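J.: Below is the file start.pdb, with PDB, C-alpha atoms, pLDDT in the B column.
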```pdb
ATOM      1  CA  MET A   1      22.118  -5.311 -12.804  1.00 86.00           C
ATOM      2  CA  THR A   2      23.606  -1.822 -12.803  1.00 93.00           C
ATOM      3  CA  PRO A   3      24.300  -0.043  -9.503  1.00 95.00           C
ATOM      4  CA  ASP A   4      21.283   2.220 -10.081  1.00 96.00           C
ATOM      5  CA  GLN A   5      19.043  -0.780 -10.796  1.00 96.00           C
ATOM      6  CA  LEU A   6      20.319  -2.527  -7.676  1.00 97.00           C
ATOM      7  CA  ASN A   7      19.633   0.564  -5.541  1.00 97.00           C
ATOM      8  CA  GLU A   8      16.116   0.826  -6.996  1.00 98.00           C
ATOM      9  CA  PHE A   9      15.494  -2.871  -6.357  1.00 98.00           C
ATOM     10  CA  ALA A  10      16.719  -2.656  -2.743  1.00 98.00           C
ATOM     11  CA  ALA A  11      14.656   0.504  -2.171  1.00 98.00           C
ATOM     12  CA  ARG A  12      11.536  -1.279  -3.503  1.00 98.00           C
ATOM     13  CA  TYR A  13      12.216  -4.224  -1.172  1.00 98.00           C
ATOM     14  CA  THR A  14      12.691  -1.873   1.800  1.00 98.00           C
ATOM     15  CA  THR A  15       9.530   0.069   0.946  1.00 98.00           C
ATOM     16  CA  ALA A  16       7.503  -3.150   0.831  1.00 98.00           C
ATOM     17  CA  TRP A  17       8.739  -4.164   4.290  1.00 98.00           C
ATOM     18  CA  ASN A  18       7.921  -0.709   5.663  1.00 98.00           C
ATOM     19  CA  ALA A  19       4.440  -0.837   4.144  1.00 98.00           C
ATOM     20  CA  HIS A  20       4.010  -4.210   5.883  1.00 97.00           C
ATOM     21  CA  ASP A  21       3.155  -5.583   2.454  1.00 98.00           C
ATOM     22  CA  ALA A  22       4.446  -9.147   2.587  1.00 98.00           C
ATOM     23  CA  ALA A  23       3.227  -9.895  -0.949  1.00 98.00           C
ATOM     24  CA  ALA A  24       5.178  -6.937  -2.369  1.00 98.00           C
ATOM     25  CA  ALA A  25       8.336  -7.947  -0.483  1.00 98.00           C
ATOM     26  CA  ALA A  26       7.965 -11.534  -1.700  1.00 98.00           C
ATOM     27  CA  ALA A  27       7.435 -10.267  -5.264  1.00 98.00           C
ATOM     28  CA  CYS A  28      11.120  -9.313  -5.201  1.00 98.00           C
ATOM     29  CA  TYR A  29      11.860 -13.074  -5.173  1.00 98.00           C
ATOM     30  CA  ALA A  30      11.704 -15.463  -8.095  1.00 98.00           C
ATOM     31  CA  GLU A  31       8.728 -17.827  -7.951  1.00 97.00           C
ATOM     32  CA  SER A  32      11.116 -20.582  -6.806  1.00 97.00           C
ATOM     33  CA  GLY A  33      13.267 -18.203  -4.745  1.00 98.00           C
ATOM     34  CA  SER A  34      14.373 -19.024  -1.220  1.00 98.00           C
ATOM     35  CA  LEU A  35      15.150 -17.251   2.029  1.00 98.00           C
ATOM     36  CA  ALA A  36      17.206 -18.853   4.802  1.00 98.00           C
ATOM     37  CA  ILE A  37      17.747 -17.021   8.082  1.00 96.00           C
ATOM     38  CA  ASN A  38      20.793 -17.691  10.268  1.00 97.00           C
ATOM     39  CA  GLY A  39      21.480 -21.004   8.568  1.00 94.00           C
ATOM     40  CA  GLY A  40      17.971 -22.331   9.198  1.00 95.00           C
ATOM     41  CA  GLU A  41      15.762 -24.292   6.861  1.00 96.00           C
ATOM     42  CA  PRO A  42      15.018 -22.115   3.828  1.00 97.00           C
ATOM     43  CA  ALA A  43      11.585 -20.827   2.951  1.00 97.00           C
ATOM     44  CA  GLN A  44      11.524 -22.371  -0.518  1.00 97.00           C
ATOM     45  CA  SER A  45       9.107 -20.480  -2.805  1.00 97.00           C
ATOM     46  CA  ARG A  46       7.729 -16.981  -3.184  1.00 98.00           C
ATOM     47  CA  ALA A  47       4.689 -17.994  -1.108  1.00 98.00           C
ATOM     48  CA  ALA A  48       6.935 -19.346   1.668  1.00 98.00           C
ATOM     49  CA  VAL A  49       9.008 -16.140   1.659  1.00 98.00           C
ATOM     50  CA  GLN A  50       5.770 -14.153   1.884  1.00 98.00           C
ATOM     51  CA  ALA A  51       4.801 -16.162   4.983  1.00 98.00           C
ATOM     52  CA  VAL A  52       8.154 -15.366   6.639  1.00 97.00           C
ATOM     53  CA  VAL A  53       7.778 -11.647   5.920  1.00 97.00           C
ATOM     54  CA  GLN A  54       4.180 -11.727   7.149  1.00 97.00           C
ATOM     55  CA  SER A  55       5.282 -13.342  10.422  1.00 96.00           C
ATOM     56  CA  PHE A  56       7.583 -10.376  11.115  1.00 96.00           C
ATOM     57  CA  CYS A  57       4.848  -7.903  10.114  1.00 97.00           C
ATOM     58  CA  ASP A  58       2.416  -9.608  12.490  1.00 97.00           C
ATOM     59  CA  ALA A  59       4.896  -9.788  15.376  1.00 97.00           C
ATOM     60  CA  PHE A  60       6.059  -6.157  14.978  1.00 97.00           C
ATOM     61  CA  PRO A  61       3.136  -4.052  13.685  1.00 97.00           C
ATOM     62  CA  ASP A  62       5.115  -0.803  14.069  1.00 97.00           C
ATOM     63  CA  ALA A  63       8.356  -2.096  12.540  1.00 97.00           C
ATOM     64  CA  VAL A  64      10.599   0.056  10.402  1.00 98.00           C
ATOM     65  CA  LEU A  65      13.296  -1.439   8.196  1.00 98.00           C
ATOM     66  CA  THR A  66      16.215   0.798   7.276  1.00 98.00           C
ATOM     67  CA  MET A  67      18.447  -0.049   4.344  1.00 98.00           C
ATOM     68  CA  ASP A  68      21.959   0.529   5.658  1.00 98.00           C
ATOM     69  CA  PHE A  69      23.712  -0.312   2.381  1.00 98.00           C
ATOM     70  CA  VAL A  70      23.529  -2.435  -0.735  1.00 98.00           C
ATOM     71  CA  ARG A  71      26.552  -3.581  -2.738  1.00 97.00           C
ATOM     72  CA  GLY A  72      26.517  -5.751  -5.808  1.00 97.00           C
ATOM     73  CA  ALA A  73      28.825  -7.629  -8.146  1.00 94.00           C
ATOM     74  CA  GLY A  74      27.534  -9.617 -11.086  1.00 92.00           C
ATOM     75  CA  ASP A  75      24.504 -11.644 -10.067  1.00 95.00           C
ATOM     76  CA  ARG A  76      25.150 -11.230  -6.339  1.00 97.00           C
ATOM     77  CA  ALA A  77      24.563  -8.494  -3.793  1.00 98.00           C
ATOM     78  CA  ILE A  78      24.768  -7.826  -0.068  1.00 98.00           C
ATOM     79  CA  TYR A  79      21.861  -5.909   1.456  1.00 98.00           C
ATOM     80  CA  GLY A  80      22.537  -4.507   4.941  1.00 98.00           C
ATOM     81  CA  TRP A  81      19.620  -3.497   7.118  1.00 98.00           C
ATOM     82  CA  THR A  82      18.457  -2.419  10.574  1.00 98.00           C
ATOM     83  CA  TYR A  83      15.075  -3.547  11.898  1.00 97.00           C
ATOM     84  CA  GLU A  84      13.303  -1.720  14.710  1.00 97.00           C
ATOM     85  CA  GLY A  85       9.902  -2.331  16.218  1.00 97.00           C
ATOM     86  CA  THR A  86       7.855  -3.357  19.227  1.00 98.00           C
ATOM     87  CA  ASN A  87       6.822  -6.986  19.653  1.00 97.00           C
ATOM     88  CA  THR A  88       3.114  -6.342  20.258  1.00 97.00           C
ATOM     89  CA  GLY A  89       1.762  -8.948  17.851  1.00 94.00           C
ATOM     90  CA  PRO A  90       0.215 -12.284  18.898  1.00 92.00           C
ATOM     91  CA  ASP A  91       1.995 -13.654  21.984  1.00 92.00           C
ATOM     92  CA  GLY A  92       4.282 -10.608  21.874  1.00 95.00           C
ATOM     93  CA  THR A  93       6.533  -9.614  24.731  1.00 96.00           C
ATOM     94  CA  GLY A  94       5.737  -5.909  24.389  1.00 97.00           C
ATOM     95  CA  HIS A  95       9.459  -5.151  24.174  1.00 98.00           C
ATOM     96  CA  ARG A  96      11.140  -2.986  21.594  1.00 97.00           C
ATOM     97  CA  VAL A  97      13.951  -4.437  19.467  1.00 97.00           C
ATOM     98  CA  ARG A  98      16.583  -2.848  17.288  1.00 97.00           C
ATOM     99  CA  PHE A  99      18.956  -5.163  15.475  1.00 96.00           C
ATOM    100  CA  SER A 100      20.986  -5.162  12.298  1.00 97.00           C
ATOM    101  CA  GLY A 101      21.832  -7.835   9.800  1.00 97.00           C
ATOM    102  CA  TRP A 102      22.374  -8.545   6.156  1.00 98.00           C
ATOM    103  CA  GLU A 103      21.151 -10.695   3.309  1.00 98.00           C
ATOM    104  CA  ALA A 104      23.425 -12.228   0.685  1.00 98.00           C
ATOM    105  CA  TRP A 105      21.366 -12.265  -2.496  1.00 98.00           C
ATOM    106  CA  THR A 106      21.929 -14.306  -5.637  1.00 98.00           C
ATOM    107  CA  PHE A 107      19.755 -13.073  -8.479  1.00 98.00           C
ATOM    108  CA  SER A 108      17.773 -15.201 -10.896  1.00 97.00           C
ATOM    109  CA  PRO A 109      18.070 -14.598 -14.662  1.00 96.00           C
ATOM    110  CA  GLU A 110      14.870 -12.503 -14.371  1.00 95.00           C
ATOM    111  CA  GLY A 111      16.585 -10.068 -11.981  1.00 96.00           C
ATOM    112  CA  LEU A 112      14.730 -11.270  -8.886  1.00 98.00           C
ATOM    113  CA  VAL A 113      16.180 -12.834  -5.747  1.00 98.00           C
ATOM    114  CA  GLY A 114      16.772 -16.509  -6.423  1.00 98.00           C
ATOM    115  CA  GLN A 115      18.423 -17.157  -3.084  1.00 98.00           C
ATOM    116  CA  SER A 116      18.791 -15.041   0.040  1.00 98.00           C
ATOM    117  CA  LEU A 117      20.982 -16.032   2.952  1.00 98.00           C
ATOM    118  CA  GLY A 118      20.016 -13.749   5.835  1.00 97.00           C
ATOM    119  CA  ASN A 119      21.976 -13.245   9.023  1.00 97.00           C
ATOM    120  CA  PHE A 120      21.582 -11.311  12.254  1.00 97.00           C
ATOM    121  CA  GLU A 121      22.755 -11.697  15.854  1.00 94.00           C
ATOM    122  CA  ALA A 122      20.163 -14.146  17.155  1.00 95.00           C
ATOM    123  CA  ASP A 123      21.328 -14.055  20.793  1.00 95.00           C
ATOM    124  CA  GLU A 124      21.020 -10.269  20.981  1.00 95.00           C
ATOM    125  CA  TYR A 125      17.629 -10.419  19.240  1.00 96.00           C
ATOM    126  CA  GLY A 126      16.450 -12.948  21.826  1.00 96.00           C
ATOM    127  CA  ARG A 127      17.725 -10.784  24.662  1.00 97.00           C
ATOM    128  CA  GLN A 128      15.892  -7.762  23.292  1.00 98.00           C
ATOM    129  CA  LEU A 129      12.657  -9.735  22.909  1.00 95.00           C
ATOM    130  CA  ALA A 130      12.935 -10.693  26.573  1.00 96.00           C
ATOM    131  CA  GLU A 131      14.234  -7.406  27.996  1.00 96.00           C
ATOM    132  CA  GLY A 132      13.903  -4.687  25.342  1.00 93.00           C
ATOM    133  CA  VAL A 133      16.592  -2.604  23.700  1.00 92.00           C
TER     134      VAL A 133
END
```
Mind turning the file's structure into structure tokens?
T.:
Amino acid sequence: MTPDQLNEFAARYTTAWNAHDAAAAAACYAESGSLAINGGEPAQSRAAVQAVVQSFCDAFPDAVLTMDFVRGAGDRAIYGWTYEGTNTGPDGTGHRVRFSGWEAWTFSPEGLVGQSLGNFEADEYGRQLAEGV
């Protein structure tokens, strides 16, 4: 994937999150692609990734995802992001959060995410859910 292709791919992924279109975000993953967050059990299929994205969309209906950077080498890339929104979804706390993280992507031969290892500061996220930014 060229740098321009990688930037276009990451922009499409970001746009899908900001449209709260979980299916479009998941379409950036291979059919058997996976997403693991903070070392947790991976969501292991495009449908499972879609469910994870949808859970964030539901919990934060006003969320905005900002692409901070994307860097690639070969079939791997790092996608840095900042997520901001108010937890007003089902059982929400009503508090605003703003946290940053990154995903380490490994691409499938088709040029889709085959594996994503996502990370963010879980303790700070939990604090913000309880108290706000």
J.: Using all atoms listed in the file, what table do you get, as a tab-separated table, when you list each residue of range 6-30 of chain A with an atom no more than 9 Å from range 38-56 of chain A, its nearest pair of atoms, and their distance in Å rounded to one decimal, rows by chain then rising number?
T.:
```
residue	atom	partner	partner_atom	distance
A:Trp17	CA	A:Val53	CA	7.7
A:His20	CA	A:Gln54	CA	7.6
A:Asp21	CA	A:Gln54	CA	7.8
A:Ala22	CA	A:Gln50	CA	5.2
A:Ala23	CA	A:Gln50	CA	5.7
A:Ala24	CA	A:Gln50	CA	8.4
A:Ala25	CA	A:Gln50	CA	7.1
A:Ala26	CA	A:Gln50	CA	5.0
A:Ala27	CA	A:Arg46	CA	7.0
A:Cys28	CA	A:Arg46	CA	8.6
A:Tyr29	CA	A:Arg46	CA	6.0
A:Ala30	CA	A:Arg46	CA	6.5
```
J.: Write to file, as a PDB file, keeping the file's coordinate frame, the residues of the selection just made, with C-alpha atoms.
T.:
```pdb
ATOM      1  CA  TRP A  17       8.739  -4.164   4.290  1.00 98.00           C
ATOM      2  CA  HIS A  20       4.010  -4.210   5.883  1.00 97.00           C
ATOM      3  CA  ASP A  21       3.155  -5.583   2.454  1.00 98.00           C
ATOM      4  CA  ALA A  22       4.446  -9.147   2.587  1.00 98.00           C
ATOM      5  CA  ALA A  23       3.227  -9.895  -0.949  1.00 98.00           C
ATOM      6  CA  ALA A  24       5.178  -6.937  -2.369  1.00 98.00           C
ATOM      7  CA  ALA A  25       8.336  -7.947  -0.483  1.00 98.00           C
ATOM      8  CA  ALA A  26       7.965 -11.534  -1.700  1.00 98.00           C
ATOM      9  CA  ALA A  27       7.435 -10.267  -5.264  1.00 98.00           C
ATOM     10  CA  CYS A  28      11.120  -9.313  -5.201  1.00 98.00           C
ATOM     11  CA  TYR A  29      11.860 -13.074  -5.173  1.00 98.00           C
ATOM     12  CA  ALA A  30      11.704 -15.463  -8.095  1.00 98.00           C
TER      13      ALA A  30
END
```
J.: Tell me which residues the PyMOL selection byres ((chain A and resi 61-78) around 9) grabs here, as an NGL selection string.
T.: :A and (1-3 or 6-7 or 10-11 or 14-15 or 17-20 or 56-60 or 79-89 or 100 or 102-109 or 111)
J.: CA of Ile37 in chain A to CA of Gln5 in chain A: how many Å, to one decimal?
T.: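 For CA of Ile37 in chain A relative to CA of Gln5 in chain A, the distance reads 24.9 Å.
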J.: When the PyMOL selection byres ((chain A and resi 115) around 6) is applied to the file above, which residues end up in the set, as an MDAnalysis selection string?
T.: chainID A and resid 33:34 105:106 113:114 116
J.: Can you save range 2-132 of chain A of the given block to a file, including C-alpha atoms and formatted as a PDB file, in the first residue's frame?
T.:
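decode_24.pdb was written with the following content:
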```pdb
ATOM      1  CA  THR A   2       1.451   3.361  -0.996  1.00  0.00           C
ATOM      2  CA  PRO A   3       1.421   6.262   1.477  1.00  0.00           C
ATOM      3  CA  ASP A   4      -1.403   7.913  -0.485  1.00  0.00           C
ATOM      4  CA  GLN A   5      -3.436   4.689  -0.466  1.00  0.00           C
ATOM      5  CA  LEU A   6      -2.857   4.297   3.265  1.00  0.00           C
ATOM      6  CA  ASN A   7      -3.986   7.886   3.921  1.00  0.00           C
ATOM      7  CA  GLU A   8      -7.110   7.321   1.805  1.00  0.00           C
ATOM      8  CA  PHE A   9      -7.852   4.069   3.632  1.00  0.00           C
ATOM      9  CA  ALA A  10      -7.429   5.674   7.074  1.00  0.00           C
ATOM     10  CA  ALA A  11      -9.569   8.651   6.014  1.00  0.00           C
ATOM     11  CA  ARG A  12     -12.330   6.263   4.846  1.00  0.00           C
ATOM     12  CA  TYR A  13     -12.163   4.425   8.187  1.00  0.00           C
ATOM     13  CA  THR A  14     -12.336   7.722  10.108  1.00  0.00           C
ATOM     14  CA  THR A  15     -15.243   8.964   7.985  1.00  0.00           C
ATOM     15  CA  ALA A  16     -17.196   5.771   8.671  1.00  0.00           C
ATOM     16  CA  TRP A  17     -16.728   6.179  12.431  1.00  0.00           C
ATOM     17  CA  ASN A  18     -17.823   9.819  12.234  1.00  0.00           C
ATOM     18  CA  ALA A  19     -20.898   8.873  10.213  1.00  0.00           C
ATOM     19  CA  HIS A  20     -21.688   6.334  12.954  1.00  0.00           C
ATOM     20  CA  ASP A  21     -21.788   3.750  10.182  1.00  0.00           C
ATOM     21  CA  ALA A  22     -20.553   0.591  11.879  1.00  0.00           C
ATOM     22  CA  ALA A  23     -20.987  -1.481   8.706  1.00  0.00           C
ATOM     23  CA  ALA A  24     -18.780   0.909   6.709  1.00  0.00           C
ATOM     24  CA  ALA A  25     -16.097   0.907   9.421  1.00  0.00           C
ATOM     25  CA  ALA A  26     -16.196  -2.896   9.572  1.00  0.00           C
ATOM     26  CA  ALA A  27     -15.952  -3.050   5.763  1.00  0.00           C
ATOM     27  CA  CYS A  28     -12.366  -1.846   6.199  1.00  0.00           C
ATOM     28  CA  TYR A  29     -11.647  -5.270   7.764  1.00  0.00           C
ATOM     29  CA  ALA A  30     -11.172  -8.559   5.967  1.00  0.00           C
ATOM     30  CA  GLU A  31     -14.108 -10.941   6.383  1.00  0.00           C
ATOM     31  CA  SER A  32     -12.018 -12.895   8.916  1.00  0.00           C
ATOM     32  CA  GLY A  33     -10.361  -9.767  10.332  1.00  0.00           C
ATOM     33  CA  SER A  34     -10.033  -9.166  14.054  1.00  0.00           C
ATOM     34  CA  LEU A  35      -9.971  -6.282  16.500  1.00  0.00           C
ATOM     35  CA  ALA A  36      -8.555  -6.602  20.017  1.00  0.00           C
ATOM     36  CA  ILE A  37      -8.730  -3.671  22.423  1.00  0.00           C
ATOM     37  CA  ASN A  38      -6.222  -3.259  25.259  1.00  0.00           C
ATOM     38  CA  GLY A  39      -5.184  -6.896  25.080  1.00  0.00           C
ATOM     39  CA  GLY A  40      -8.747  -8.181  25.447  1.00  0.00           C
ATOM     40  CA  GLU A  41     -10.403 -11.025  23.614  1.00  0.00           C
ATOM     41  CA  PRO A  42     -10.482 -10.159  19.908  1.00  0.00           C
ATOM     42  CA  ALA A  43     -13.649  -9.555  17.954  1.00  0.00           C
ATOM     43  CA  GLN A  44     -12.964 -12.249  15.366  1.00  0.00           C
ATOM     44  CA  SER A  45     -14.837 -11.513  12.110  1.00  0.00           C
ATOM     45  CA  ARG A  46     -16.105  -8.511  10.197  1.00  0.00           C
ATOM     46  CA  ALA A  47     -19.518  -8.944  11.852  1.00  0.00           C
ATOM     47  CA  ALA A  48     -17.918  -9.016  15.317  1.00  0.00           C
ATOM     48  CA  VAL A  49     -15.893  -5.875  14.534  1.00  0.00           C
ATOM     49  CA  GLN A  50     -19.105  -4.207  13.358  1.00  0.00           C
ATOM     50  CA  ALA A  51     -20.713  -5.030  16.722  1.00  0.00           C
ATOM     51  CA  VAL A  52     -17.793  -3.424  18.596  1.00  0.00           C
ATOM     52  CA  VAL A  53     -18.009  -0.258  16.491  1.00  0.00           C
ATOM     53  CA  GLN A  54     -21.788  -0.176  16.921  1.00  0.00           C
ATOM     54  CA  SER A  55     -21.410  -0.405  20.709  1.00  0.00           C
ATOM     55  CA  PHE A  56     -19.313   2.785  20.695  1.00  0.00           C
ATOM     56  CA  CYS A  57     -21.772   4.501  18.328  1.00  0.00           C
ATOM     57  CA  ASP A  58     -24.655   3.582  20.633  1.00  0.00           C
ATOM     58  CA  ALA A  59     -22.850   4.657  23.811  1.00  0.00           C
ATOM     59  CA  PHE A  60     -21.632   7.979  22.335  1.00  0.00           C
ATOM     60  CA  PRO A  61     -24.212   9.233  19.802  1.00  0.00           C
ATOM     61  CA  ASP A  62     -22.363  12.548  19.339  1.00  0.00           C
ATOM     62  CA  ALA A  63     -18.869  11.053  19.075  1.00  0.00           C
ATOM     63  CA  VAL A  64     -16.222  12.458  16.783  1.00  0.00           C
ATOM     64  CA  LEU A  65     -13.114  10.487  15.870  1.00  0.00           C
ATOM     65  CA  THR A  66     -10.068  12.466  14.786  1.00  0.00           C
ATOM     66  CA  MET A  67      -7.259  10.797  12.883  1.00  0.00           C
ATOM     67  CA  ASP A  68      -4.110  12.091  14.558  1.00  0.00           C
ATOM     68  CA  PHE A  69      -1.697  10.264  12.244  1.00  0.00           C
ATOM     69  CA  VAL A  70      -1.207   7.150  10.167  1.00  0.00           C
ATOM     70  CA  ARG A  71       2.176   5.603   9.374  1.00  0.00           C
ATOM     71  CA  GLY A  72       2.801   2.474   7.385  1.00  0.00           C
ATOM     72  CA  ALA A  73       5.557   0.069   6.417  1.00  0.00           C
ATOM     73  CA  GLY A  74       4.926  -2.945   4.230  1.00  0.00           C
ATOM     74  CA  ASP A  75       1.751  -4.701   5.304  1.00  0.00           C
ATOM     75  CA  ARG A  76       1.584  -2.917   8.661  1.00  0.00           C
ATOM     76  CA  ALA A  77       0.463   0.499   9.841  1.00  0.00           C
ATOM     77  CA  ILE A  78      -0.135   2.483  13.015  1.00  0.00           C
ATOM     78  CA  TYR A  79      -3.302   4.582  13.111  1.00  0.00           C
ATOM     79  CA  GLY A  80      -3.389   7.199  15.888  1.00  0.00           C
ATOM     80  CA  TRP A  81      -6.705   8.692  16.910  1.00  0.00           C
ATOM     81  CA  THR A  82      -8.581  10.850  19.415  1.00  0.00           C
ATOM     82  CA  TYR A  83     -12.168  10.011  20.363  1.00  0.00           C
ATOM     83  CA  GLU A  84     -14.502  12.583  21.886  1.00  0.00           C
ATOM     84  CA  GLY A  85     -18.146  12.289  22.805  1.00  0.00           C
ATOM     85  CA  THR A  86     -20.789  12.261  25.509  1.00  0.00           C
ATOM     86  CA  ASN A  87     -21.886   8.962  27.036  1.00  0.00           C
ATOM     87  CA  THR A  88     -25.638   9.482  26.610  1.00  0.00           C
ATOM     88  CA  GLY A  89     -26.442   6.082  25.123  1.00  0.00           C
ATOM     89  CA  PRO A  90     -28.174   3.239  27.002  1.00  0.00           C
ATOM     90  CA  ASP A  91     -27.095   3.225  30.663  1.00  0.00           C
ATOM     91  CA  GLY A  92     -24.840   6.197  29.889  1.00  0.00           C
ATOM     92  CA  THR A  93     -23.253   8.334  32.560  1.00  0.00           C
ATOM     93  CA  GLY A  94     -23.960  11.588  30.719  1.00  0.00           C
ATOM     94  CA  HIS A  95     -20.280  12.512  30.982  1.00  0.00           C
ATOM     95  CA  ARG A  96     -18.087  13.725  28.172  1.00  0.00           C
ATOM     96  CA  VAL A  97     -14.885  11.832  27.338  1.00  0.00           C
ATOM     97  CA  ARG A  98     -11.848  12.731  25.294  1.00  0.00           C
ATOM     98  CA  PHE A  99      -9.140  10.114  24.978  1.00  0.00           C
ATOM     99  CA  SER A 100      -6.477   9.128  22.498  1.00  0.00           C
ATOM    100  CA  GLY A 101      -5.115   5.809  21.390  1.00  0.00           C
ATOM    101  CA  TRP A 102      -3.804   3.875  18.453  1.00  0.00           C
ATOM    102  CA  GLU A 103      -4.388   0.750  16.424  1.00  0.00           C
ATOM    103  CA  ALA A 104      -1.604  -1.441  15.062  1.00  0.00           C
ATOM    104  CA  TRP A 105      -2.935  -2.791  11.781  1.00  0.00           C
ATOM    105  CA  THR A 106      -1.711  -5.777   9.798  1.00  0.00           C
ATOM    106  CA  PHE A 107      -3.227  -5.834   6.332  1.00  0.00           C
ATOM    107  CA  SER A 108      -4.644  -8.843   4.533  1.00  0.00           C
ATOM    108  CA  PRO A 109      -3.549  -9.622   0.952  1.00  0.00           C
ATOM    109  CA  GLU A 110      -6.739  -7.827  -0.196  1.00  0.00           C
ATOM    110  CA  GLY A 111      -5.577  -4.562   1.411  1.00  0.00           C
ATOM    111  CA  LEU A 112      -8.050  -4.708   4.296  1.00  0.00           C
ATOM    112  CA  VAL A 113      -7.304  -4.910   8.012  1.00  0.00           C
ATOM    113  CA  GLY A 114      -6.578  -8.520   8.877  1.00  0.00           C
ATOM    114  CA  GLN A 115      -5.680  -7.783  12.476  1.00  0.00           C
ATOM    115  CA  SER A 116      -5.991  -4.658  14.600  1.00  0.00           C
ATOM    116  CA  LEU A 117      -4.473  -4.350  18.044  1.00  0.00           C
ATOM    117  CA  GLY A 118      -6.036  -1.264  19.622  1.00  0.00           C
ATOM    118  CA  ASN A 119      -4.803   0.515  22.717  1.00  0.00           C
ATOM    119  CA  PHE A 120      -5.881   3.449  24.854  1.00  0.00           C
ATOM    120  CA  GLU A 121      -5.505   4.486  28.497  1.00  0.00           C
ATOM    121  CA  ALA A 122      -8.315   2.474  30.070  1.00  0.00           C
ATOM    122  CA  ASP A 123      -7.955   3.969  33.569  1.00  0.00           C
ATOM    123  CA  GLU A 124      -8.299   7.528  32.275  1.00  0.00           C
ATOM    124  CA  TYR A 125     -11.238   6.488  30.078  1.00  0.00           C
ATOM    125  CA  GLY A 126     -12.941   4.980  33.127  1.00  0.00           C
ATOM    126  CA  ARG A 127     -12.305   8.118  35.152  1.00  0.00           C
ATOM    127  CA  GLN A 128     -13.804  10.282  32.426  1.00  0.00           C
ATOM    128  CA  LEU A 129     -16.881   8.053  32.167  1.00  0.00           C
ATOM    129  CA  ALA A 130     -17.393   8.510  35.901  1.00  0.00           C
ATOM    130  CA  GLU A 131     -16.431  12.182  36.233  1.00  0.00           C
ATOM    131  CA  GLY A 132     -16.188  13.721  32.752  1.00  0.00           C
TER     132      GLY A 132
END
```
